[in-house]
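Peer 1: My file is final-v5.txt. It has compact mmCIF, C-alpha atoms:
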```txt
# COMPACT_ATOMS: atom_id res chain seq x y z
CA MET A 1149 -82.56 -34.31 37.42
CA GLY A 1150 -84.90 -36.22 35.35
CA ALA A 1151 -86.83 -35.60 32.20
CA LEU A 1152 -88.30 -32.40 33.61
CA GLY A 1153 -84.85 -30.87 33.95
CA ILE A 1154 -83.95 -31.76 30.38
CA VAL A 1155 -87.18 -30.24 29.05
CA ARG A 1156 -86.48 -27.08 31.08
CA ASP A 1157 -82.93 -26.80 29.73
CA VAL A 1158 -84.12 -27.32 26.12
CA ALA A 1159 -86.84 -24.70 26.61
CA ILE A 1160 -84.29 -22.20 27.94
CA VAL A 1161 -81.97 -22.83 24.99
CA LEU A 1162 -84.87 -22.48 22.50
CA LEU A 1163 -86.00 -19.20 24.11
CA ALA A 1164 -82.43 -17.88 23.97
CA VAL A 1165 -82.11 -18.81 20.28
CA GLU A 1166 -85.52 -17.27 19.59
CA SER A 1167 -84.44 -14.05 21.34
CA LEU A 1168 -81.28 -13.92 19.24
CA VAL A 1169 -83.26 -14.47 16.00
CA ILE A 1170 -85.75 -11.76 16.98
CA GLY A 1171 -82.87 -9.38 17.77
CA VAL A 1172 -81.22 -10.03 14.39
CA LEU A 1173 -84.52 -9.59 12.55
CA LEU A 1174 -85.18 -6.36 14.42
CA ALA A 1175 -81.74 -5.06 13.39
CA VAL A 1176 -82.44 -6.01 9.76
CA MET A 1177 -85.81 -4.26 9.94
CA LEU A 1178 -84.17 -1.08 11.27
CA VAL A 1179 -81.64 -1.12 8.40
CA GLN A 1180 -84.46 -1.56 5.90
CA LEU A 1181 -86.43 1.27 7.52
CA LYS A 1182 -83.37 3.52 7.24
CA ALA A 1183 -83.07 2.63 3.54
CA LEU A 1184 -86.75 3.38 3.01
CA ILE A 1185 -86.44 6.78 4.67
CA LYS A 1186 -83.41 7.56 2.51
CA MET A 1187 -85.28 6.56 -0.63
CA LEU A 1188 -88.25 8.73 0.34
CA ARG A 1189 -85.99 11.73 0.84
CA GLU A 1190 -83.92 11.27 -2.31
CA GLU A 1191 -86.45 9.98 -4.83
CA VAL A 1192 -90.02 10.68 -3.79
CA ALA A 1193 -89.57 14.28 -2.61
CA PRO A 1194 -88.08 15.45 -5.96
CA LEU A 1195 -90.83 13.56 -7.76
CA LEU A 1196 -93.45 15.42 -5.75
CA ASP A 1197 -91.69 18.73 -6.44
CA SER A 1198 -91.72 17.94 -10.16
CA ALA A 1199 -95.42 17.10 -9.98
CA GLY A 1200 -96.06 20.44 -8.26
CA GLU A 1201 -94.16 22.31 -10.98
CA THR A 1202 -96.15 20.45 -13.64
CA ALA A 1203 -99.40 21.39 -11.92
CA GLN A 1204 -98.34 25.05 -11.90
CA ARG A 1205 -97.54 24.88 -15.63
CA VAL A 1206 -100.92 23.32 -16.35
CA LYS A 1207 -102.59 26.04 -14.30
CA GLY A 1208 -100.78 28.70 -16.32
CA THR A 1209 -101.68 27.02 -19.59
CA VAL A 1210 -105.33 26.80 -18.60
CA GLY A 1211 -105.29 30.49 -17.69
CA LEU A 1212 -103.72 31.38 -21.03
CA VAL A 1213 -106.22 29.30 -23.01
CA THR A 1214 -109.09 30.77 -21.01
CA ASP A 1215 -107.94 34.33 -21.61
CA THR A 1216 -107.05 33.96 -25.29
CA VAL A 1217 -109.59 31.44 -26.60
CA ILE A 1218 -112.48 30.65 -24.29
CA THR A 1219 -113.41 34.14 -23.05
CA PRO A 1220 -113.45 35.72 -26.54
CA LEU A 1221 -115.37 32.73 -27.90
CA ILE A 1222 -117.97 33.09 -25.15
CA ARG A 1223 -118.30 36.79 -25.90
CA VAL A 1224 -118.80 36.16 -29.63
CA ARG A 1225 -121.33 33.38 -29.00
CA SER A 1226 -123.19 35.56 -26.49
CA TRP A 1227 -123.30 38.44 -28.93
CA ALA A 1228 -124.47 36.15 -31.73
CA ALA A 1229 -127.18 34.63 -29.53
CA GLY A 1230 -128.35 38.09 -28.54
CA ALA A 1231 -128.40 39.25 -32.15
CA ARG A 1232 -130.31 36.15 -33.22
CA GLN A 1233 -132.84 36.61 -30.44
CA THR A 1234 -133.25 40.25 -31.42
CA ILE A 1235 -133.86 39.32 -35.05
CA ASP A 1236 -136.27 36.53 -34.06
CA THR A 1237 -138.15 38.93 -31.79
CA LEU A 1238 -138.38 41.61 -34.47
CA PHE A 1239 -139.63 39.20 -37.15
CA SER A 1240 -142.02 37.56 -34.71
CA PHE A 1241 -143.42 40.96 -33.74
CA ARG A 1242 -143.73 41.95 -37.40
CA SER A 1243 -145.59 38.75 -38.34
CA ARG A 1244 -148.09 39.22 -35.50
CA SER A 1245 -148.85 42.79 -36.42
CA GLY A 1246 -148.66 42.24 -40.17
CA PRO A 1247 -151.02 43.71 -42.78
CA SER A 1248 -154.70 43.08 -42.11
CA ASP A 1249 -156.00 42.93 -45.69
CA GLY A 1250 -158.07 39.87 -45.09
CA GLY A 1251 -155.50 37.56 -46.58
CA PRO A 1252 -156.48 34.12 -47.88
CA GLN A 1253 -159.46 33.83 -45.58
CA GLY A 1254 -161.66 36.15 -47.62
CA SER A 1255 -161.12 34.45 -50.99
CA GLY A 1256 -164.65 33.06 -51.17
CA ARG A 1257 -163.69 29.58 -52.38
CA ALA A 1258 -165.20 26.60 -50.69
```
Could the structure of this file be written out as structure tokens, please?
Peer 2:
Amino acid sequence: MGALGIVRDVAIVLLAVESLVIGVLLAVMLVQLKALIKMLREEVAPLLDSAGETAQRVKGTVGLVTDTVITPLIRVRSWAAGARQTIDTLFSFRSRSGPSDGGPQGSGRA
């Protein structure tokens, strides 16, 4: 058994140690994964539930503001715009068909 045998024995020992280290690291990773799953169940799920409740409250608030402020405001602005357009149309029609007395054009001044 020469140098080749020694190298083989050292390689076998190193592979065995490496396998043990990998096994221990795999066990640690599984424990960490279990802790992560526990944290997700206990902390993140309630946080998501709370966010859902907040979204529902915001939705209700938006509905309330829409019904009590925005919709009446739109109705008033629409009515006012319609009234203004009616008045503008009436005065515009009146000025086009106004009195035809000759006006300033027949004054005779040059």
Peer 1: Could you please determine the separation between atom CA of Ile1185 of chain A and atom CA of Leu1168 of chain A in Å, to one decimal place?
Peer 2: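 It comes out at 25.8 Å.
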Peer 1: Find the distance between atom CA of Lys1182 of chain A and atom CA of Ser1167 of chain A and write it in Å to one decimal.
Peer 2: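 Taking atom CA of Lys1182 of chain A as the start and atom CA of Ser1167 of chain A as the end point, the length is 22.6 Å.
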Peer 1: By how many Å are atom CA of Leu1195 of chain A and atom CA of Ala1183 of chain A apart?
Peer 2: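 Atom-to-atom, atom CA of Leu1195 of chain A and atom CA of Ala1183 of chain A are spaced 17.5 Å apart.
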